[in-house]
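K.L.:
Quick one: the structure is below, questions incoming.
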Amino acid sequence: MSVPTPPVVYSFSDTSKLSDSLAEYILKAQRESIDKRGRFTVAISGGSLPKTLTALISKSGVKWDKWHVFYVDERVVPLDHEDSNHKLAQEALYSKVPIPPGNIHTIDETLLDDLEELSDAYEKELIREFAQKDSARFPVFDLILLGIGPDGHTASLFPGHELLLEHDRWVAPIEDSPKPPPRRVTFTYPVINHATRVAFVATGEGKAQILPNILDTPELGLPAARVRPVAHGQLVWFVDDAASAEVKLQKSEFKL
Ligand SMILES: O=C1O[C@H](COP(=O)(O)O)[C@@H](O)[C@H](O)[C@H]1O
């Protein structure tokens with residue numbers, strides 16, 4: 001079995017430097033995607049991630065009208081609930097930039113009581129966006145932005161959970177998330193691993209213990225370490241020094 005290439009890890013002394021470089025990275029991805037396909041498809045995580053996108057707001061050259069945004073995972077709560085990943089993104093980003101509301105793909109709030117149907121409906125939303133355009137077995141996002149939890153989960157893929165072995169569905173329901181709220185929907189690995197670019201963002205000392213288990217000992221098989229883009233997909237990590245203090249893997253100087 002071939003050994004996967006280690007990811008590129010960029011470490012920054014503080015979160016504002018990280019946020020600025022992440023914005024430059026996203027802008028480059030956006031330019032290349034629009035040049036090739038006339039749109040930019042991006043999936044974002046919730047939790048602490050949306051706040052790291054704020055440096056984008058003041059950058060020139062962002063073509064917000066070409067952005068098509070999905071959620072890597074979503075908590076099954078109303079969209080204005082404080083646990084909603086959409087609400088976090090709304091507050092940190094969309095309320096400040098002109099992304100056409102029709103390009104922001106949320107879960108269907110009318111299906112909150114039926115988790116399976118909600119999950120299937122979100123998958124259909126992905127099919128509508130990608131299937132006719134790219135005719136691929138899985139959607140190919142231009143960029144997927146991931147966070148990690150202190151247990152090594154990413155998206156709503158948790159350690160030891162059966163969803164780690166899901167190979168067919170694009171979106172899957174989970175009703176026993178160990179992190180509240182328990183009911184969620186999540187992208188599966190095939191979707192995450194088919195993206196052109198996958199960028200993890202991890203900040204703060206709360207992530208310091210788990211990061212070496214993901215980056216230095218991927219064979220432990222923690223959910224975040226199972227993210228391995230197929231073909232020519234790119235995997236990068238944006239971390240701050242507090243989060244990466246114990247990581248042995250060599251860090252790279254950020255350059256585009
Ligand atoms: O529950 C979730 O947790 C992870 C990590 O969140 P963080 O606040 O520790 O950064 C997040 O990436 C995911 O989208 C979210 O649903």
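Scheme for the structure tokens: letters A, B, ... for chains in order shown; per-chain residue numbers from 1; ligand numbers from 1 in order shown.
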Show which residues sit within 7 Å of range 242-255 of chain A, as a ChimeraX atom specification. Count only C-alpha atoms, and ignore same-chain residues fewer than 5 positions away.
P.N.:
/A:8-11,202-208,211-212,215-216
K.L.:
What residues have any atom no more than 6 Å from ligand 1 when counting only C-alpha atoms and all ligand atoms, and can you list them as a list of chain:residue names?
P.N.:
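These are the residues that qualify: A:Ser45, A:Gly46, A:Gly47, A:Ser48, A:Leu49, A:Asp73, A:Glu74, A:Leu146, A:Gly147, A:Ile148, A:Gly149, A:Thr154, A:Ala155, A:Ser156.
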K.L.:
Which residues come within 7 Å of Leu157 in chain A, counting only C-alpha atoms, excluding same-chain residues fewer than 5 positions away, as a compact mmCIF listing (two decimals) with C-alpha atoms, in the first residue's frame?
P.N.:
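See part-v2.txt below for the written result:
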# COMPACT_ATOMS: atom_id res chain seq x y z
CA LEU A 163 -20.18 6.98 8.92
CA LEU A 164 -16.41 6.83 8.57
CA PRO A 223 -11.49 11.27 11.23
K.L.:
Show me, as a VMD selection string, the residues that have an atom within 8 Å of Phe40 in chain A when counting only C-alpha atoms, minus same-chain residues fewer than 3 positions from it.
P.N.:
chain A and resid 30 33 to 34 37 66 to 68 142
K.L.:
Grab the residues selected above and save them as a CSV table (one decimal), in the first residue's frame with N, CA and C atoms.
P.N.:
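Result went into selection-v7.csv, see below:
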chain,number,residue,atom,x,y,z
A,30,GLN,N,-10.4,30.9,-6.0
A,30,GLN,CA,-11.5,31.5,-6.6
A,30,GLN,C,-11.2,31.9,-8.1
A,33,SER,N,-10.8,28.9,-10.4
A,33,SER,CA,-12.1,28.2,-10.6
A,33,SER,C,-12.9,29.0,-11.6
A,34,ILE,N,-13.0,30.4,-11.4
A,34,ILE,CA,-13.8,31.2,-12.3
A,34,ILE,C,-13.2,31.2,-13.7
A,37,ARG,N,-14.3,27.6,-15.0
A,37,ARG,CA,-15.7,27.2,-15.0
A,37,ARG,C,-16.7,28.3,-14.8
A,66,LYS,N,-20.2,35.1,-7.9
A,66,LYS,CA,-19.8,33.8,-8.5
A,66,LYS,C,-19.7,32.7,-7.5
A,67,TRP,N,-19.8,33.0,-6.2
A,67,TRP,CA,-19.7,32.0,-5.2
A,67,TRP,C,-21.0,31.2,-5.0
A,68,HIS,N,-20.8,29.9,-4.9
A,68,HIS,CA,-21.9,28.9,-4.6
A,68,HIS,C,-21.5,28.2,-3.3
A,142,ASP,N,-14.6,23.2,-5.7
A,142,ASP,CA,-13.3,23.9,-5.9
A,142,ASP,C,-12.6,24.0,-4.6
K.L.:
If we count only C-alpha atoms and set the cut-off at 9 Å, which residues sit around range 13-26 of chain A, ignoring sequence neighbours fewer than 2 positions away in its own chain? Please answer as a list in words.
P.N.:
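Here the qualifying residues turn out to be Tyr10, Ser11, Lys28, Ala29, Gln30, Arg31, Lys51, Thr52, Leu53, Thr54, Ala55, Leu56, Ile57, Lys59, Leu143, Ala199, Val201, Thr203, Gly204, Phe238, Val239, Asp240, Asp241, Ala242, Phe254, Lys255 and Leu256 of chain A.
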K.L.:
Keeping N, CA and C atoms, export the residues of the selection given above as a PDB file, in the first residue's frame.
P.N.:
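The resulting file, again24.pdb, is reproduced below:
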ATOM      1  N   TYR A  10       0.840  25.183   7.058  1.00  0.00           N
ATOM      2  CA  TYR A  10       1.274  26.567   7.249  1.00  0.00           C
ATOM      3  C   TYR A  10       0.928  26.973   8.676  1.00  0.00           C
ATOM      4  N   SER A  11       1.949  27.424   9.410  1.00  0.00           N
ATOM      5  CA  SER A  11       1.674  27.853  10.787  1.00  0.00           C
ATOM      6  C   SER A  11       1.924  29.356  10.925  1.00  0.00           C
ATOM      7  N   LYS A  28      -7.007  32.938  -4.581  1.00  0.00           N
ATOM      8  CA  LYS A  28      -6.327  32.253  -5.693  1.00  0.00           C
ATOM      9  C   LYS A  28      -7.217  31.109  -6.207  1.00  0.00           C
ATOM     10  N   ALA A  29      -7.774  30.337  -5.265  1.00  0.00           N
ATOM     11  CA  ALA A  29      -8.653  29.226  -5.659  1.00  0.00           C
ATOM     12  C   ALA A  29      -9.846  29.768  -6.447  1.00  0.00           C
ATOM     13  N   GLN A  30     -10.403  30.885  -5.973  1.00  0.00           N
ATOM     14  CA  GLN A  30     -11.544  31.505  -6.639  1.00  0.00           C
ATOM     15  C   GLN A  30     -11.190  31.933  -8.072  1.00  0.00           C
ATOM     16  N   ARG A  31     -10.030  32.598  -8.221  1.00  0.00           N
ATOM     17  CA  ARG A  31      -9.620  33.070  -9.562  1.00  0.00           C
ATOM     18  C   ARG A  31      -9.504  31.895 -10.529  1.00  0.00           C
ATOM     19  N   LYS A  51     -15.400  32.514  11.444  1.00  0.00           N
ATOM     20  CA  LYS A  51     -14.714  33.751  11.876  1.00  0.00           C
ATOM     21  C   LYS A  51     -13.336  33.901  11.236  1.00  0.00           C
ATOM     22  N   THR A  52     -12.707  32.787  10.861  1.00  0.00           N
ATOM     23  CA  THR A  52     -11.376  32.897  10.237  1.00  0.00           C
ATOM     24  C   THR A  52     -11.481  33.407   8.790  1.00  0.00           C
ATOM     25  N   LEU A  53     -12.702  33.565   8.292  1.00  0.00           N
ATOM     26  CA  LEU A  53     -12.872  34.033   6.910  1.00  0.00           C
ATOM     27  C   LEU A  53     -13.033  35.548   6.826  1.00  0.00           C
ATOM     28  N   THR A  54     -12.994  36.216   7.977  1.00  0.00           N
ATOM     29  CA  THR A  54     -13.367  37.640   7.967  1.00  0.00           C
ATOM     30  C   THR A  54     -12.372  38.519   7.184  1.00  0.00           C
ATOM     31  N   ALA A  55     -11.114  38.080   7.041  1.00  0.00           N
ATOM     32  CA  ALA A  55     -10.161  38.906   6.281  1.00  0.00           C
ATOM     33  C   ALA A  55     -10.574  39.021   4.814  1.00  0.00           C
ATOM     34  N   LEU A  56     -11.385  38.088   4.350  1.00  0.00           N
ATOM     35  CA  LEU A  56     -11.842  38.133   2.952  1.00  0.00           C
ATOM     36  C   LEU A  56     -12.704  39.355   2.673  1.00  0.00           C
ATOM     37  N   ILE A  57     -13.403  39.810   3.728  1.00  0.00           N
ATOM     38  CA  ILE A  57     -14.403  40.865   3.554  1.00  0.00           C
ATOM     39  C   ILE A  57     -13.781  42.129   2.963  1.00  0.00           C
ATOM     40  N   LYS A  59     -10.910  42.248   1.208  1.00  0.00           N
ATOM     41  CA  LYS A  59     -10.000  42.004   0.070  1.00  0.00           C
ATOM     42  C   LYS A  59     -10.650  42.452  -1.230  1.00  0.00           C
ATOM     43  N   LEU A 143     -13.279  24.166  -3.528  1.00  0.00           N
ATOM     44  CA  LEU A 143     -12.606  24.306  -2.229  1.00  0.00           C
ATOM     45  C   LEU A 143     -13.524  23.788  -1.122  1.00  0.00           C
ATOM     46  N   ALA A 199      -8.805  22.567   2.625  1.00  0.00           N
ATOM     47  CA  ALA A 199      -7.979  23.305   3.593  1.00  0.00           C
ATOM     48  C   ALA A 199      -8.568  23.129   4.993  1.00  0.00           C
ATOM     49  N   VAL A 201      -8.480  24.307   8.944  1.00  0.00           N
ATOM     50  CA  VAL A 201      -8.098  25.478   9.743  1.00  0.00           C
ATOM     51  C   VAL A 201      -8.230  25.072  11.211  1.00  0.00           C
ATOM     52  N   THR A 203      -7.123  26.518  15.142  1.00  0.00           N
ATOM     53  CA  THR A 203      -6.494  27.574  15.938  1.00  0.00           C
ATOM     54  C   THR A 203      -6.725  27.340  17.441  1.00  0.00           C
ATOM     55  N   GLY A 204      -5.784  27.839  18.213  1.00  0.00           N
ATOM     56  CA  GLY A 204      -5.959  27.847  19.670  1.00  0.00           C
ATOM     57  C   GLY A 204      -5.416  26.607  20.354  1.00  0.00           C
ATOM     58  N   PHE A 238      -3.990  25.247   7.682  1.00  0.00           N
ATOM     59  CA  PHE A 238      -3.690  26.577   8.211  1.00  0.00           C
ATOM     60  C   PHE A 238      -3.863  26.471   9.729  1.00  0.00           C
ATOM     61  N   VAL A 239      -2.749  26.588  10.456  1.00  0.00           N
ATOM     62  CA  VAL A 239      -2.817  26.445  11.917  1.00  0.00           C
ATOM     63  C   VAL A 239      -2.094  27.627  12.553  1.00  0.00           C
ATOM     64  N   ASP A 240      -2.451  27.925  13.786  1.00  0.00           N
ATOM     65  CA  ASP A 240      -1.647  28.934  14.482  1.00  0.00           C
ATOM     66  C   ASP A 240      -0.646  28.212  15.389  1.00  0.00           C
ATOM     67  N   ASP A 241       0.317  28.974  15.905  1.00  0.00           N
ATOM     68  CA  ASP A 241       1.393  28.346  16.680  1.00  0.00           C
ATOM     69  C   ASP A 241       0.852  27.674  17.935  1.00  0.00           C
ATOM     70  N   ALA A 242      -0.228  28.231  18.494  1.00  0.00           N
ATOM     71  CA  ALA A 242      -0.797  27.626  19.713  1.00  0.00           C
ATOM     72  C   ALA A 242      -1.326  26.225  19.413  1.00  0.00           C
ATOM     73  N   PHE A 254       4.281  30.137   4.232  1.00  0.00           N
ATOM     74  CA  PHE A 254       3.129  30.344   3.349  1.00  0.00           C
ATOM     75  C   PHE A 254       3.555  31.075   2.087  1.00  0.00           C
ATOM     76  N   LYS A 255       3.251  30.468   0.953  1.00  0.00           N
ATOM     77  CA  LYS A 255       3.406  31.191  -0.325  1.00  0.00           C
ATOM     78  C   LYS A 255       2.363  30.654  -1.288  1.00  0.00           C
ATOM     79  N   LEU A 256       1.938  31.506  -2.190  1.00  0.00           N
ATOM     80  CA  LEU A 256       0.906  31.071  -3.138  1.00  0.00           C
ATOM     81  C   LEU A 256       1.547  30.455  -4.367  1.00  0.00           C
TER      82      LEU A 256
END
